[in-house]
Amino acid sequence: MGETQQRATLPADGIVGIDIGGTKISGLVVDAADGLVRGSVPAPAGVGGWAMADAAADLARDLALRAGVPFVAVGVGAAGVIDHETGTVRAASATFVDWAGFPLGDELHARLGVPVSVENDVNAFLLGEVAGTESVEQDVLGVMLGTGVGGAVMIGGALRHGPNGAAGEIGHTPGYSELVCTCGQRGHLETLASGTSIGLRYEARTGTAGLGAREIALLARGGDADAVAVFDAAGRALALACASAATLLDLPRAIVGGGVAHAWDLLEPAIMRTLVTDAPVSGLPLLITPATQGADAVALGAIEAVRRSLEPVGAYR
Ligand SMILES: [Zn+2]
């Protein structure tokens with residue numbers, strides 16, 4: 001992943017993209033020579049929303065300065081359920097102190113004095129993948145296989161947010177196992193396909209605890225049958241979830257990112273098998289492909305979101 005980027009040309013329009021996660025805040029901006037200027041700082045998620053806003057604002061200002069472009073706007077992709085119209089965090093993981101309810105958009109605007117757009121990070125990921133890649137479909141499912149499993153849906157080129165900003169949460173759809181999910185319910189896609197779950201499933205099979213998805217992937221490539229089986233179960237569950245979404249919404253493609261997607265070689269056999277046995281009944285082909293924009297996707301999508309918000313109404317479908 002990241003080796004086969006076909007990045008569309010991005011304008012140096014002074015829009016800074018910021019990716020706010022639980023451990024780091026990273027960002028990028030296009031400079032006058034069409035290069036990407038990147039930076040990151042640790043995320044003070046355990047301190048509080050104010051500290052996160054301070055850190056993100058400082059990073060955005062610094063990136064624009066380093067790129068030598070006028071600082072005209074900032075787009076943010078942030079962890080949590082986001083009200084994208086107000087830029088307020090509606091709900092968030094308990095590991096983020098004072099994040100749920102935090103008016104991130106307003107606080108960044110107050111610090112920076114430029115237009116601000118805030119999206120959920122997985123929505124921004126999908127927007128970044130589609131905007132940053134030449135000739136990709138405009139009806140797409142995005143799935144992020146990270147610590148948890150996030151999802152996003154784009155229909156006709158526009159993100160589907162839903163009335164509560166929670167559309168696309170495919171990680172917490174049921175029916176894939178009997179295991180308890182991080183959310184407390186049972187059987188969700190996340191119980192098989194997240195990085196955390198891959199470690200737990202491997203532990204359940206072998207008794208070896210504490211390994212991450214990356215280490216288990218190395219074991220699988222070395223011929224460890226339990227490691228192979230864990231990725232196989234993840235790939236099958238992922239493909240079933242993608243096929244369900246594609247059947248419901250007529251989506252020709254699912255783009256899969258996040259750390260676990262680095263083990264695409266281990267997920268792909270089960271994905272391909274499942275697409276044969278459980279293809280959408282429409283008979284139309286569903287492509288499930290790994291993300292191509294690497295670690296930049298969320299910030300690129302955040303830039304695209306603010307660019308769209310600054311366009312005249314109706315410029316996008
Ligand atoms: Zn769940």
# chains A, B, ... in the order shown; residues from 1 in each chain; ligands from 1
>>> residues_near_ligand(ligand="ligand 1", cutoff="10 Å", atoms="only C-alpha atoms and all ligand atoms", output="PyMOL selection string")
chain A and resi 148-149+169-174+179-191
>>> select_by_dssp(residues="range 30-269 of chain A", states="helix (DSSP H, G or I)", output="count of residues only")
104
>>> residues_around(residues="Pro280 in chain A", least_positions_apart="2", cutoff="7 Å", atoms="only C-alpha atoms", output="list in words")
Ala243, Ala246, Thr247, Asp278, Ser282, Gly283 and Leu284 of chain A
>>> residues_around(residues="Ile18 in chain A", least_positions_apart="4", cutoff="12 Å", atoms="only C-alpha atoms", output="VMD selection string")
chain A and resid 24 to 29 37 to 41 43 52 to 53 55 to 64 73 to 79 108 116 to 121 124 to 125 128 295 to 306
>>> atom_distance(atom1="CA of Phe96 in chain A", atom2="CA of Ala45 in chain A")
4.9 Å
>>> select_by_dssp(residues="range 49-227 of chain A", states="strand (DSSP E or B)", output="count of residues only")
36
>>> atom_distance(atom1="CA of Ala245 in chain A", atom2="CA of Leu141 in chain A")
7.5 Å
>>> residues_around(residues="range 234-240 of chain A", least_positions_apart="3", cutoff="7 Å", atoms="only C-alpha atoms", output="CSV table (one decimal) with C-alpha atoms, in the first residue's frame")
chain,number,residue,atom,x,y,z
A,176,TYR,CA,-20.0,-12.3,11.6
A,189,LEU,CA,-17.4,-7.2,11.7
A,192,LEU,CA,-12.8,-10.3,13.2
A,193,ALA,CA,-11.3,-7.6,11.0
A,230,VAL,CA,-7.0,-15.3,11.4
A,231,PHE,CA,-6.4,-13.2,8.3
A,243,ALA,CA,-21.1,-7.4,-0.6
A,244,SER,CA,-24.0,-6.5,1.7
A,267,LEU,CA,-6.8,-10.8,3.1
A,268,GLU,CA,-7.1,-11.1,-0.7
A,270,ALA,CA,-10.6,-15.0,1.2
A,271,ILE,CA,-11.9,-11.8,-0.3
A,274,THR,CA,-16.1,-14.8,-1.0
A,275,LEU,CA,-16.8,-12.5,-4.0
>>> residues_around(residues="Gly46 in chain A", least_positions_apart="2", cutoff="6 Å", atoms="only C-alpha atoms", output="PyMOL selection string")
chain A and resi 44+48+96-97
>>> write_last_selection(atoms="N, CA and C atoms", output="mmCIF file, in the first residue's frame")
data_model
loop_
_atom_site.group_PDB
_atom_site.id
_atom_site.type_symbol
_atom_site.label_atom_id
_atom_site.label_comp_id
_atom_site.auth_asym_id
_atom_site.auth_seq_id
_atom_site.Cartn_x
_atom_site.Cartn_y
_atom_site.Cartn_z
ATOM 1 N N PRO A 44 -2.557 15.409 22.106
ATOM 2 C CA PRO A 44 -2.825 15.428 23.553
ATOM 3 C C PRO A 44 -4.253 14.986 23.864
ATOM 4 N N GLY A 48 -7.320 16.998 26.655
ATOM 5 C CA GLY A 48 -8.634 17.579 26.431
ATOM 6 C C GLY A 48 -8.762 18.234 25.072
ATOM 7 N N PHE A 96 -10.478 9.786 24.499
ATOM 8 C CA PHE A 96 -10.346 11.209 24.179
ATOM 9 C C PHE A 96 -11.042 12.009 25.286
ATOM 10 N N VAL A 97 -10.265 12.714 26.102
ATOM 11 C CA VAL A 97 -10.825 13.497 27.204
ATOM 12 C C VAL A 97 -11.512 14.754 26.662
#
